[in-house]
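K.L.:
Structure file entry-v8.cif, mmCIF, C-alpha atoms, is pasted below:
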data_my_file
#
loop_
_atom_site.label_atom_id
_atom_site.label_comp_id
_atom_site.auth_asym_id
_atom_site.auth_seq_id
_atom_site.Cartn_x
_atom_site.Cartn_y
_atom_site.Cartn_z
CA MET A 82 -20.79 15.65 18.52
CA SER A 83 -18.02 15.65 15.93
CA LEU A 84 -15.33 12.96 15.90
CA TRP A 85 -12.77 15.65 16.75
CA GLU A 86 -14.68 16.40 19.96
CA LYS A 87 -15.25 12.74 20.71
CA ARG A 88 -11.64 11.51 20.58
CA ASN A 89 -8.66 12.27 22.78
CA LEU A 90 -6.70 14.62 20.52
CA GLU A 91 -3.38 13.76 22.19
CA GLU A 92 -3.90 10.13 21.21
CA VAL A 93 -4.92 11.15 17.68
CA GLU A 94 -1.77 13.27 17.30
CA LYS A 95 0.51 10.58 18.73
CA PHE A 96 -0.87 7.91 16.41
CA SER A 97 -0.59 10.31 13.46
CA LYS A 98 3.07 11.06 14.24
CA ASP A 99 3.87 7.35 14.52
CA TYR A 100 2.11 6.72 11.23
CA ARG A 101 4.02 9.50 9.49
CA LYS A 102 7.33 7.93 10.53
CA PHE A 103 6.17 4.73 8.85
CA ILE A 104 4.79 6.27 5.66
CA ASP A 105 7.95 8.35 5.18
CA GLU A 106 10.14 5.26 5.50
CA ALA A 107 8.05 2.59 3.78
CA VAL A 108 7.94 4.09 0.28
CA SER A 109 7.95 0.66 -1.42
CA GLU A 110 6.45 -2.73 -0.68
CA ARG A 111 9.89 -4.16 0.21
CA LEU A 112 10.55 -1.34 2.68
CA ALA A 113 7.07 -1.79 4.16
CA VAL A 114 7.69 -5.50 4.76
CA ASN A 115 11.06 -4.71 6.33
CA PHE A 116 9.45 -2.11 8.62
CA PHE A 117 6.68 -4.47 9.73
CA GLU A 118 9.04 -7.39 10.24
CA ASN A 119 11.14 -5.30 12.64
CA LEU A 120 8.03 -3.97 14.39
CA LEU A 121 6.62 -7.47 14.88
CA ILE A 122 9.89 -8.83 16.26
CA GLU A 123 10.10 -5.88 18.67
CA ASN A 124 6.65 -6.88 19.93
CA GLY A 125 7.37 -10.55 20.55
CA PHE A 126 6.41 -12.18 17.23
CA ILE A 127 8.60 -15.04 16.00
CA PRO A 128 9.25 -16.29 12.45
CA LEU A 129 7.15 -19.22 11.28
CA ASP A 130 10.18 -21.52 11.08
CA ARG A 131 10.60 -21.17 14.87
CA TYR A 132 6.94 -21.80 15.71
CA THR A 133 6.28 -24.93 17.82
CA GLY A 134 2.57 -24.57 18.57
CA LYS A 135 3.12 -23.14 22.05
CA GLU A 136 3.73 -19.52 21.06
CA GLU A 137 0.93 -16.99 20.54
CA LYS A 138 2.64 -14.59 18.14
CA VAL A 139 4.06 -15.72 14.78
CA PHE A 140 4.74 -14.21 11.35
CA TYR A 141 5.89 -15.21 7.87
CA THR A 142 7.31 -13.10 5.03
CA ASN A 143 6.99 -14.09 1.39
CA ALA A 144 9.21 -12.91 -1.48
CA ASN A 145 10.12 -9.80 0.57
CA LYS A 146 6.87 -8.28 -0.71
CA SER A 147 4.08 -9.84 1.36
CA LEU A 148 3.54 -10.92 4.93
CA VAL A 149 1.27 -12.84 7.31
CA ALA A 150 1.24 -12.30 11.08
CA ALA A 151 -1.00 -14.00 13.63
CA ARG A 152 -1.87 -14.23 17.29
CA ILE A 153 -3.18 -17.71 18.06
CA VAL A 154 -5.36 -18.03 21.16
CA ASN A 155 -7.61 -20.97 20.25
CA LYS A 156 -7.69 -23.97 17.90
CA PRO A 157 -6.72 -22.74 14.42
CA GLU A 158 -9.66 -24.65 12.92
CA ASP A 159 -11.98 -22.39 14.91
CA GLY A 160 -11.01 -19.58 12.56
CA PHE A 161 -9.36 -16.17 12.69
CA ASN A 162 -10.40 -12.54 12.67
CA ILE A 163 -8.30 -11.30 9.77
CA VAL A 164 -7.45 -7.86 8.42
CA ALA A 165 -6.06 -8.03 4.87
CA ALA A 166 -4.46 -5.04 3.14
CA HIS A 167 -2.04 -4.39 0.30
CA ILE A 168 1.30 -2.61 0.47
CA ASP A 169 1.92 -1.78 -3.19
CA ALA A 170 1.02 1.67 -4.48
CA PRO A 171 0.73 3.32 -7.92
CA ARG A 172 4.13 4.45 -9.14
CA ILE A 173 6.55 4.56 -12.06
CA ASP A 174 8.91 1.61 -12.70
CA LEU A 175 12.12 1.49 -14.71
CA LYS A 176 12.08 -0.68 -17.81
CA PRO A 177 14.57 -3.63 -17.89
CA ASN A 178 16.86 -1.81 -20.34
CA PRO A 179 16.22 1.81 -19.33
CA LEU A 180 19.29 3.97 -20.07
CA TYR A 181 19.78 5.88 -23.32
CA GLU A 182 21.01 9.26 -24.62
CA ASP A 183 19.13 11.81 -26.71
CA GLU A 184 19.79 15.50 -27.50
CA GLY A 185 22.47 15.88 -24.86
CA PHE A 186 20.50 14.23 -22.07
CA ALA A 187 20.86 10.83 -20.46
CA LEU A 188 17.37 9.45 -19.87
CA MET A 189 15.71 6.30 -18.58
CA LYS A 190 12.68 4.58 -20.03
CA THR A 191 9.84 3.87 -17.58
CA HIS A 192 6.58 1.95 -17.33
CA TYR A 193 3.80 3.18 -15.05
CA TYR A 194 2.35 0.78 -12.48
CA GLY A 195 -1.29 0.83 -11.43
CA GLY A 196 -4.01 3.40 -12.08
CA VAL A 197 -2.20 6.72 -12.33
CA LYS A 198 -2.89 10.05 -14.00
CA LEU A 199 0.38 10.39 -15.90
CA TYR A 200 0.46 14.19 -15.84
CA GLN A 201 0.62 14.16 -12.03
CA TRP A 202 4.08 12.55 -12.23
CA LEU A 203 5.61 15.20 -14.48
CA ASN A 204 7.90 17.92 -13.12
CA ILE A 205 7.94 16.66 -9.55
CA PRO A 206 11.05 15.43 -7.69
CA LEU A 207 11.32 11.65 -7.90
CA ALA A 208 13.48 9.20 -5.96
CA LEU A 209 14.83 5.81 -7.04
CA VAL A 210 13.99 2.98 -4.64
CA GLY A 211 14.47 -0.76 -4.90
CA VAL A 212 17.01 -3.54 -5.22
CA VAL A 213 19.60 -4.61 -7.77
CA TYR A 214 20.92 -8.16 -7.96
CA LYS A 215 24.24 -8.57 -9.71
CA ASP A 216 25.08 -11.74 -11.63
CA ASP A 217 27.27 -12.96 -8.77
CA GLY A 218 24.28 -12.82 -6.42
CA THR A 219 25.27 -9.59 -4.68
CA LYS A 220 22.25 -7.57 -3.55
CA LEU A 221 22.36 -3.78 -3.69
CA ASN A 222 19.70 -1.75 -1.88
CA ILE A 223 18.83 1.45 -3.73
CA LYS A 224 17.28 4.54 -2.15
CA ILE A 225 18.38 7.75 -3.85
CA GLY A 226 16.65 11.12 -3.63
CA PHE A 227 15.40 11.59 -0.07
CA GLU A 228 18.44 13.20 1.55
CA GLU A 229 19.38 16.86 0.98
CA ASN A 230 22.76 15.94 -0.48
CA GLU A 231 21.31 13.41 -2.93
CA PRO A 232 20.05 14.12 -6.46
CA VAL A 233 16.41 13.78 -7.46
CA PHE A 234 15.09 12.81 -10.88
CA VAL A 235 12.45 14.44 -13.07
CA ILE A 236 10.17 13.51 -15.95
CA ALA A 237 10.12 16.81 -17.84
CA ASP A 238 6.86 18.20 -19.21
CA LEU A 239 6.40 20.33 -22.32
CA LEU A 240 6.42 24.08 -21.68
CA PRO A 241 2.98 25.79 -22.04
CA HIS A 242 4.24 28.06 -24.85
CA LEU A 243 4.59 24.99 -27.09
CA ASP A 244 1.65 22.99 -25.72
CA ARG A 245 -1.37 24.71 -27.24
CA LYS A 246 -2.52 21.87 -29.46
CA ASP A 247 -6.00 20.69 -28.49
CA GLU A 248 -5.64 16.99 -27.68
CA LYS A 249 -7.36 14.37 -25.59
CA ILE A 250 -5.68 13.64 -22.26
CA SER A 251 -4.82 10.12 -23.49
CA GLU A 252 -3.05 11.60 -26.50
CA LYS A 253 -1.29 14.40 -24.65
CA PHE A 254 0.10 12.19 -21.87
CA GLN A 255 1.46 8.85 -23.06
CA GLY A 256 3.34 6.15 -21.17
CA GLU A 257 6.14 5.96 -23.73
CA LYS A 258 6.87 9.66 -23.20
CA MET A 259 7.43 9.27 -19.45
CA ASN A 260 11.21 9.43 -19.80
CA LEU A 261 13.32 10.22 -16.76
CA ILE A 262 16.15 12.76 -16.95
CA VAL A 263 19.24 11.37 -15.17
CA GLY A 264 22.15 13.44 -16.53
CA SER A 265 23.53 15.98 -19.03
CA ILE A 266 27.34 16.11 -18.58
CA PRO A 267 29.44 14.23 -21.18
CA LEU A 268 32.33 12.02 -20.14
CA ASP A 269 35.69 13.61 -20.99
CA GLY A 270 37.29 12.21 -24.12
CA GLU A 271 34.14 10.48 -25.37
CA GLU A 272 32.25 11.52 -28.50
CA LYS A 273 29.55 8.86 -28.93
CA GLU A 274 26.92 8.62 -26.14
CA ALA A 275 29.26 10.57 -23.88
CA VAL A 276 26.48 11.64 -21.46
CA LYS A 277 25.19 8.09 -21.08
CA LYS A 278 28.74 6.85 -20.50
CA ASN A 279 29.25 9.47 -17.80
CA VAL A 280 26.07 8.34 -16.02
CA LEU A 281 27.26 4.71 -16.25
CA LYS A 282 30.59 5.75 -14.72
CA ILE A 283 28.79 7.45 -11.83
CA LEU A 284 26.57 4.42 -11.30
CA LYS A 285 29.62 2.17 -11.20
CA ASP A 286 31.73 4.45 -8.99
CA LEU A 287 29.03 5.36 -6.45
CA TYR A 288 26.66 2.41 -6.46
CA ASN A 289 28.54 -0.51 -8.09
CA ILE A 290 25.80 -0.76 -10.75
CA GLU A 291 26.60 -1.69 -14.33
CA GLU A 292 24.24 -1.33 -17.27
CA GLU A 293 23.37 -5.01 -17.47
CA ASP A 294 22.43 -5.04 -13.78
CA PHE A 295 19.19 -3.19 -14.52
CA VAL A 296 17.85 -6.40 -16.05
CA SER A 297 17.88 -8.07 -12.61
CA ALA A 298 16.57 -5.11 -10.64
CA ASP A 299 13.30 -3.98 -9.09
CA ILE A 300 13.60 -0.19 -9.16
CA GLU A 301 10.67 2.13 -8.59
CA LEU A 302 10.26 5.87 -8.97
CA VAL A 303 8.37 7.42 -6.07
CA PRO A 304 7.82 11.05 -5.04
CA ALA A 305 10.90 12.41 -3.28
CA PHE A 306 9.05 14.31 -0.60
CA LYS A 307 7.99 13.60 2.96
CA SER A 308 4.53 13.60 4.49
CA ARG A 309 3.17 16.97 5.58
CA GLU A 310 0.31 18.34 7.67
CA VAL A 311 -2.31 20.13 5.57
CA GLY A 312 -4.52 23.11 6.42
CA PHE A 313 -4.30 25.90 8.94
CA ASP A 314 -5.72 23.47 11.49
CA LYS A 315 -3.24 20.72 10.48
CA SER A 316 -6.15 18.28 10.36
CA LEU A 317 -5.00 16.34 7.29
CA ILE A 318 -1.89 14.36 6.39
CA ALA A 319 -0.58 14.48 2.81
CA ALA A 320 1.72 11.65 1.78
CA TYR A 321 2.57 9.26 -1.00
CA GLY A 322 1.26 5.71 -0.58
CA HIS A 323 -1.69 6.16 1.81
CA ASP A 324 -3.42 3.74 -0.59
CA ASP A 325 -3.02 1.22 0.86
CA ARG A 326 -0.08 1.27 3.23
CA ILE A 327 -2.19 3.32 5.64
CA CYS A 328 -4.46 0.29 6.17
CA ALA A 329 -1.47 -2.04 6.48
CA TYR A 330 -0.05 0.11 9.29
CA GLN A 331 -3.40 0.39 11.06
CA ALA A 332 -3.89 -3.38 10.77
CA VAL A 333 -0.48 -4.37 12.13
CA ARG A 334 -0.74 -1.87 14.98
CA ALA A 335 -4.22 -3.21 15.77
CA LEU A 336 -2.92 -6.80 15.84
CA ILE A 337 -0.08 -5.81 18.16
CA ASP A 338 -2.16 -3.59 20.45
CA ALA A 339 -5.36 -5.66 20.73
CA GLU A 340 -6.12 -6.91 24.23
CA ASN A 341 -8.25 -9.82 25.50
CA LEU A 342 -8.63 -11.56 22.14
CA GLU A 343 -11.80 -13.64 21.99
CA LYS A 344 -10.59 -15.38 18.85
CA SER A 345 -7.29 -15.91 17.04
CA ALA A 346 -6.38 -12.95 14.86
CA ALA A 347 -4.19 -12.35 11.82
CA VAL A 348 -3.05 -9.72 9.34
CA ILE A 349 -2.26 -10.50 5.69
CA LEU A 350 -0.37 -7.95 3.60
CA PHE A 351 -0.41 -8.42 -0.17
CA ASP A 352 1.55 -7.04 -3.11
CA ARG A 353 0.24 -6.38 -6.64
CA GLU A 354 -3.30 -5.32 -5.74
CA GLU A 355 -3.01 -2.27 -7.97
CA ILE A 356 -2.61 -4.49 -11.06
CA GLY A 357 -5.14 -7.18 -10.24
CA SER A 358 -3.45 -9.08 -7.39
CA GLU A 359 -1.30 -11.11 -9.76
CA GLY A 360 1.93 -12.99 -9.01
CA ASN A 361 3.16 -15.11 -6.12
CA ALA A 362 2.91 -12.25 -3.60
CA GLY A 363 -0.61 -11.08 -4.45
CA ALA A 364 -4.04 -12.11 -3.20
CA LYS A 365 -4.32 -14.80 -5.88
CA ALA A 366 -1.18 -16.47 -4.53
CA ARG A 367 -0.95 -19.40 -2.10
CA PHE A 368 1.54 -18.10 0.48
CA TYR A 369 -1.01 -17.21 3.15
CA LYS A 370 -2.67 -20.63 2.81
CA LYS A 371 0.74 -22.24 3.26
CA PHE A 372 1.11 -20.24 6.47
CA PHE A 373 -2.22 -21.48 7.83
CA ARG A 374 -1.56 -25.07 6.75
CA LYS A 375 1.72 -25.10 8.62
CA ILE A 376 0.04 -23.64 11.71
CA LEU A 377 -2.60 -26.38 11.49
CA LYS A 378 -0.04 -29.14 11.03
CA ILE A 379 2.11 -28.01 13.95
CA ASN A 380 -1.04 -27.85 16.09
CA GLY A 381 -1.83 -31.50 15.35
CA SER A 382 -4.04 -31.55 12.26
CA ASN A 383 -3.84 -34.84 10.33
CA ASP A 384 -5.70 -33.44 7.31
CA THR A 385 -4.56 -29.89 6.75
CA GLU A 386 -6.70 -29.42 3.61
CA LEU A 387 -9.91 -30.23 5.46
CA SER A 388 -8.77 -28.24 8.49
CA LEU A 389 -7.95 -25.26 6.25
CA ASP A 390 -11.47 -25.40 4.84
CA GLU A 391 -12.81 -25.30 8.40
CA LEU A 392 -10.48 -22.43 9.30
CA ILE A 393 -11.68 -20.42 6.29
CA GLU A 394 -15.34 -21.16 6.99
CA ASN A 395 -14.98 -20.02 10.60
CA SER A 396 -13.01 -16.85 9.81
CA PHE A 397 -14.05 -13.24 9.34
CA VAL A 398 -12.04 -10.92 7.08
CA VAL A 399 -11.85 -7.16 6.83
CA SER A 400 -10.51 -6.22 3.41
CA ALA A 401 -8.71 -3.11 4.62
CA ASP A 402 -8.63 -0.65 1.76
CA VAL A 403 -9.22 3.06 1.47
CA GLY A 404 -12.49 4.69 0.45
CA ALA A 405 -13.20 7.74 -1.70
CA LEU A 406 -14.15 10.90 0.18
CA ILE A 407 -16.47 13.44 -1.41
CA ASN A 408 -14.25 16.04 -3.04
CA PRO A 409 -16.15 19.35 -2.65
CA THR A 410 -14.88 20.59 -6.00
CA TYR A 411 -16.09 17.46 -7.86
CA LYS A 412 -19.29 16.55 -6.04
CA ASP A 413 -21.07 15.65 -9.29
CA VAL A 414 -19.33 12.26 -9.57
CA HIS A 415 -20.59 11.09 -6.15
CA ASP A 416 -23.93 9.83 -4.91
CA LYS A 417 -24.05 12.06 -1.84
CA TYR A 418 -26.37 9.68 0.01
CA ASN A 419 -23.86 6.83 -0.29
CA ALA A 420 -20.54 8.65 -0.21
CA ALA A 421 -17.99 9.05 2.57
CA LYS A 422 -17.31 12.42 4.21
CA VAL A 423 -14.17 13.68 5.91
CA GLY A 424 -14.09 13.37 9.69
CA GLU A 425 -16.97 10.88 9.82
CA GLY A 426 -14.95 7.76 10.66
CA ILE A 427 -14.15 4.47 8.95
CA VAL A 428 -15.82 3.83 5.58
CA LEU A 429 -17.84 0.61 5.28
CA VAL A 430 -18.11 -0.52 1.64
CA LYS A 431 -20.74 -3.24 1.20
CA TYR A 432 -19.87 -3.87 -2.44
CA THR A 433 -17.26 -2.90 -5.00
CA GLY A 434 -17.18 -3.42 -8.78
CA SER A 435 -18.50 -1.19 -11.55
CA ARG A 436 -21.64 -0.70 -13.64
CA GLY A 437 -23.91 -3.66 -12.70
CA LYS A 438 -21.53 -4.62 -9.85
CA ALA A 439 -19.22 -6.31 -12.38
CA GLY A 440 -16.14 -7.75 -10.69
CA ALA A 441 -17.63 -6.99 -7.30
CA SER A 442 -17.14 -8.46 -3.89
CA GLU A 443 -20.29 -7.95 -1.84
CA ALA A 444 -20.55 -8.58 1.88
CA HIS A 445 -23.49 -10.67 3.07
CA ALA A 446 -26.03 -8.94 5.29
CA GLU A 447 -24.96 -11.15 8.20
CA VAL A 448 -21.38 -9.90 7.89
CA VAL A 449 -22.45 -6.25 7.79
CA ALA A 450 -24.66 -6.79 10.83
CA HIS A 451 -21.70 -8.26 12.75
CA VAL A 452 -19.58 -5.21 11.92
CA ARG A 453 -22.34 -2.80 12.96
CA LYS A 454 -22.79 -4.60 16.27
CA VAL A 455 -19.08 -4.61 17.10
CA LEU A 456 -18.45 -0.98 16.15
CA ASN A 457 -21.64 0.38 17.70
CA SER A 458 -20.92 -1.50 20.94
CA ALA A 459 -17.48 0.10 21.08
CA ASP A 460 -18.84 3.57 20.19
CA ILE A 461 -16.68 3.71 17.05
CA LYS A 462 -17.93 6.01 14.32
CA TRP A 463 -18.51 4.53 10.87
CA GLN A 464 -20.16 5.53 7.61
CA VAL A 465 -21.09 3.87 4.32
CA GLY A 466 -19.32 4.56 1.06
CA THR A 467 -19.34 3.63 -2.61
CA LEU A 468 -16.87 4.46 -5.35
CA GLY A 469 -18.84 7.10 -7.20
CA LYS A 470 -22.08 7.14 -9.14
CA ILE A 471 -23.18 4.13 -11.18
CA GLY A 472 -21.45 4.10 -14.56
CA ILE A 473 -18.93 6.73 -13.48
CA GLY A 474 -16.98 5.07 -10.69
CA GLY A 475 -15.81 1.57 -9.99
CA GLY A 476 -12.97 -0.52 -8.74
CA GLY A 477 -12.00 -3.54 -6.71
CA THR A 478 -9.87 -4.75 -3.82
CA VAL A 479 -8.39 -8.00 -2.55
CA ALA A 480 -11.81 -8.87 -1.09
CA LYS A 481 -13.12 -10.79 -4.08
CA PHE A 482 -10.12 -13.12 -4.18
CA LEU A 483 -10.49 -13.96 -0.50
CA ALA A 484 -14.24 -14.40 -0.96
CA GLU A 485 -13.57 -16.85 -3.78
CA GLU A 486 -11.57 -18.94 -1.29
CA GLY A 487 -14.60 -19.05 1.00
CA PHE A 488 -13.88 -16.27 3.51
CA ASN A 489 -16.64 -13.97 4.74
CA VAL A 490 -15.29 -10.55 3.73
CA ILE A 491 -16.20 -6.88 3.96
CA ASP A 492 -14.32 -3.83 2.65
CA MET A 493 -13.52 -1.14 5.24
CA GLY A 494 -10.95 1.64 5.52
CA PRO A 495 -10.31 5.36 5.93
CA GLY A 496 -11.48 7.80 3.28
CA LEU A 497 -8.95 9.61 1.08
CA LEU A 498 -8.85 12.64 -1.16
CA SER A 499 -6.69 12.57 -4.32
CA MET A 500 -6.43 8.79 -4.30
CA HIS A 501 -3.70 7.33 -6.60
CA SER A 502 -1.91 10.67 -6.84
CA PRO A 503 1.66 11.34 -5.68
CA TYR A 504 0.24 13.20 -2.67
CA GLU A 505 -2.90 11.68 -1.14
CA LEU A 506 -4.79 13.26 1.78
CA VAL A 507 -6.31 11.64 4.88
CA SER A 508 -7.90 13.11 8.00
CA LYS A 509 -5.94 12.45 11.19
CA VAL A 510 -9.10 11.63 13.11
CA ASP A 511 -10.28 9.18 10.42
CA LEU A 512 -6.83 7.60 10.50
CA TYR A 513 -7.13 7.01 14.25
CA GLU A 514 -10.79 5.93 14.17
CA THR A 515 -9.98 3.27 11.56
CA TYR A 516 -7.18 1.89 13.74
CA LEU A 517 -9.65 1.65 16.64
CA ALA A 518 -12.16 -0.12 14.39
CA TYR A 519 -9.62 -2.71 13.22
CA LYS A 520 -8.49 -3.30 16.80
CA GLU A 521 -12.07 -3.93 17.92
CA LEU A 522 -12.91 -6.19 14.97
CA ILE A 523 -9.73 -8.20 15.52
CA SER A 524 -10.64 -8.74 19.16
CA LYS A 525 -14.30 -9.80 19.04
CA ARG A 526 -15.77 -13.17 18.21
#
Could you write out this file's structure as structure tokens?

P.N.:
Amino acid sequence: MSLWEKRNLEEVEKFSKDYRKFIDEAVSERLAVNFFENLLIENGFIPLDRYTGKEEKVFYTNANKSLVAARIVNKPEDGFNIVAAHIDAPRIDLKPNPLYEDEGFALMKTHYYGGVKLYQWLNIPLALVGVVYKDDGTKLNIKIGFEENEPVFVIADLLPHLDRKDEKISEKFQGEKMNLIVGSIPLDGEEKEAVKKNVLKILKDLYNIEEEDFVSADIELVPAFKSREVGFDKSLIAAYGHDDRICAYQAVRALIDAENLEKSAAVILFDREEIGSEGNAGAKARFYKKFFRKILKINGSNDTELSLDELIENSFVVSADVGALINPTYKDVHDKYNAAKVGEGIVLVKYTGSRGKAGASEAHAEVVAHVRKVLNSADIKWQVGTLGKIGIGGGGTVAKFLAEEGFNVIDMGPGLLSMHSPYELVSKVDLYETYLAYKELISKR
């Protein structure tokens, strides 16, 4: 029996529609945190600074780019069932001093973020998203390019008539050539850099942004299109940012919706996974340990360091990240016996890394057995997956950083096609099955 026959299709469609509302809104890590914060509050979660030890539901946001939420039903030292995901996605960022003029165009310099194929970002409509802080402390929220009456922005490619030179991909598509077109009309009465000055006037008049303000800004370029259903059967969802905001959404919904918890549960959402989990909002940071220490202290622990060690030792973590589906056009890069297939459920990844498992996190057999037991008991469909053939594929997740802290961790998530592209694809039924899997794993001891 296929997963499509097995599941209630009305429930699959409803969950998919709810997810699409999220993925269309949360096009940056800041917007994802804002979305989840509102969702948690709507469902009875309180901020950590209001927690007294009597409440079950509590959350904490860090740097507006990461988040921890928990439901506490037993002694914190007894551990948590945790689902950890990341909410950053590959994209294009503006450089600190981006604006310049050349050959009658105003352009902006960019720097790509994460593992992207640069050519996929050329000649598509892009939106500007982020925040600007002025020197007086004023915060400006930026989101330009999603409404019909708003402009979009484009990184222009070279026309094929002039692009016949035989070059390597790395030579043809270079980061320093990813320059964004933002204007072409000169300011009346100006002769020098008149187009740039006109853009600066528009920025000041419409958005209260001055040139120096870009230095204290986090502005990202993301695809300026909405999610869409794919195929005559509408079985797939195409969207920007499935990796890994899809897992973040599934995890938070699972935490909210789980019933009859046998153990305390939590979700941790990280930033910066796509560049190695660096910074004070990534998986190498301390914010989530601060959250647990405060929970322990409020619940009466006299030695929070020792209690935290006990909490970690007694916890189970799903590193919720997407897997690679077999692409039928490029089957040669996969080991078909250990590769994920569309419509076959959540992808269980025992180990990551590359070549001889370099940089890997590998789940212990006991952890895998626990997952099998829980999912099989709940009749949830799962499959194994690896990231390509040995020596061809490879990659990592937040799992290894949590494992280094002492957590028992396993990587699990839905499979994707076209991962790290501006338009990634996921099966609706795999989306829903993964949510069910997280909900079950959060609930069981």

K.L.:
Any chance you could resolve the PyMOL selection byres ((chain A and resi 128-132) around 9) against this file and give the residues as a list of chain:residue names?

P.N.:
A:Ile122, A:Phe126, A:Ile127, A:Thr133, A:Gly134, A:Lys135, A:Glu136, A:Lys138, A:Val139, A:Phe140, A:Tyr141, A:Thr142, A:Phe372, A:Lys375, A:Ile376, A:Ile379

K.L.:
Take the selection from the previous step and output its residues with C-alpha atoms, as a PDB file, in the coordinates of the input.

P.N.:
ATOM      1  CA  ILE A 122       9.890  -8.830  16.260  1.00  0.00           C
ATOM      2  CA  PHE A 126       6.410 -12.180  17.230  1.00  0.00           C
ATOM      3  CA  ILE A 127       8.600 -15.040  16.000  1.00  0.00           C
ATOM      4  CA  THR A 133       6.280 -24.930  17.820  1.00  0.00           C
ATOM      5  CA  GLY A 134       2.570 -24.570  18.570  1.00  0.00           C
ATOM      6  CA  LYS A 135       3.120 -23.140  22.050  1.00  0.00           C
ATOM      7  CA  GLU A 136       3.730 -19.520  21.060  1.00  0.00           C
ATOM      8  CA  LYS A 138       2.640 -14.590  18.140  1.00  0.00           C
ATOM      9  CA  VAL A 139       4.060 -15.720  14.780  1.00  0.00           C
ATOM     10  CA  PHE A 140       4.740 -14.210  11.350  1.00  0.00           C
ATOM     11  CA  TYR A 141       5.890 -15.210   7.870  1.00  0.00           C
ATOM     12  CA  THR A 142       7.310 -13.100   5.030  1.00  0.00           C
ATOM     13  CA  PHE A 372       1.110 -20.240   6.470  1.00  0.00           C
ATOM     14  CA  LYS A 375       1.720 -25.100   8.620  1.00  0.00           C
ATOM     15  CA  ILE A 376       0.040 -23.640  11.710  1.00  0.00           C
ATOM     16  CA  ILE A 379       2.110 -28.010  13.950  1.00  0.00           C
TER      17      ILE A 379
END

K.L.:
Since I can't run it myself right now, could you work out what the PyMOL selection byres ((chain A and resi 220-227) around 6) selects here and report it as a PDB file with C-alpha atoms, in the coordinates of the input?

P.N.:
ATOM      1  CA  ALA A 208      13.480   9.200  -5.960  1.00  0.00           C
ATOM      2  CA  LEU A 209      14.830   5.810  -7.040  1.00  0.00           C
ATOM      3  CA  VAL A 210      13.990   2.980  -4.640  1.00  0.00           C
ATOM      4  CA  GLY A 211      14.470  -0.760  -4.900  1.00  0.00           C
ATOM      5  CA  VAL A 212      17.010  -3.540  -5.220  1.00  0.00           C
ATOM      6  CA  VAL A 213      19.600  -4.610  -7.770  1.00  0.00           C
ATOM      7  CA  TYR A 214      20.920  -8.160  -7.960  1.00  0.00           C
ATOM      8  CA  THR A 219      25.270  -9.590  -4.680  1.00  0.00           C
ATOM      9  CA  GLU A 228      18.440  13.200   1.550  1.00  0.00           C
ATOM     10  CA  GLU A 231      21.310  13.410  -2.930  1.00  0.00           C
ATOM     11  CA  PRO A 232      20.050  14.120  -6.460  1.00  0.00           C
ATOM     12  CA  VAL A 233      16.410  13.780  -7.460  1.00  0.00           C
ATOM     13  CA  ALA A 305      10.900  12.410  -3.280  1.00  0.00           C
TER      14      ALA A 305
END

K.L.:
What would the selection look like, as a list in words, if the PyMOL selection byres ((chain A and resi 280) around 10) were run on the coordinates I just shared?

P.N.:
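Applying the expression gives Leu180, Tyr181, Ala187, Leu188, Val263, Gly264, Ser265, Ile266, Pro267, Leu268, Ala275, Val276, Lys277, Lys278, Asn279, Leu281, Lys282, Ile283, Leu284, Lys285, Asp286 and Glu292 of chain A.
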
K.L.:
Please identify all polymer residues within 8 Å of range 385-396 of chain A, counting all atoms listed in the file, omitting same-chain residues fewer than 5 positions from it, and present them as JSON, numbers by chain.

P.N.:
{"A": [157, 158, 159, 160, 161, 162, 163, 370, 373, 374, 377, 378, 486, 487, 488, 489]}

K.L.:
Show me a table, sorted first by chain and then by increasing residue number, of the residues of range 163-199 of chain A having an atom at most 10 Å from range 319-340 of chain A, each with its shortest atom pair and the distance in Å to one decimal, counting only C-alpha atoms and written as a Markdown table.

P.N.:
| residue | atom | partner | partner_atom | distance |
| --- | --- | --- | --- | --- |
| A:Ile163 | CA | A:Ala332 | CA | 9.1 |
| A:Val164 | CA | A:Ala332 | CA | 6.2 |
| A:Ala165 | CA | A:Ala329 | CA | 7.7 |
| A:Ala166 | CA | A:Ala329 | CA | 5.4 |
| A:His167 | CA | A:Asp325 | CA | 5.7 |
| A:Ile168 | CA | A:Arg326 | CA | 5.0 |
| A:Asp169 | CA | A:Asp325 | CA | 7.1 |
| A:Ala170 | CA | A:Gly322 | CA | 5.6 |
| A:Pro171 | CA | A:Gly322 | CA | 7.7 |
| A:Arg172 | CA | A:Gly322 | CA | 9.1 |

K.L.:
Could you write out that same residue set with C-alpha atoms as a tab-separated table (two decimals), in the coordinates of the input?

P.N.:
chain	number	residue	atom	x	y	z
A	163	ILE	CA	-8.30	-11.30	9.77
A	164	VAL	CA	-7.45	-7.86	8.42
A	165	ALA	CA	-6.06	-8.03	4.87
A	166	ALA	CA	-4.46	-5.04	3.14
A	167	HIS	CA	-2.04	-4.39	0.30
A	168	ILE	CA	1.30	-2.61	0.47
A	169	ASP	CA	1.92	-1.78	-3.19
A	170	ALA	CA	1.02	1.67	-4.48
A	171	PRO	CA	0.73	3.32	-7.92
A	172	ARG	CA	4.13	4.45	-9.14

K.L.:
Suppose you want the space between CA of Phe234 in chain A and CA of Glu110 in chain A; what is it in Å?

P.N.:
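Atom-to-atom, CA of Phe234 in chain A and CA of Glu110 in chain A are spaced 20.5 Å apart.
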
K.L.:
Counting all atoms listed in the file, select every polymer residue within 12 Å of (-19.0, 2.1, 21.3) as defined in the file's coordinates, and provide the selection as a list in words.

P.N.:
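The residues that fall inside the cut-off are Lys87, Arg88, Val452, Arg453, Lys454, Val455, Leu456, Asn457, Ser458, Ala459, Asp460, Ile461, Lys462, Trp463, Glu514, Leu517, Ala518 and Glu521 of chain A.
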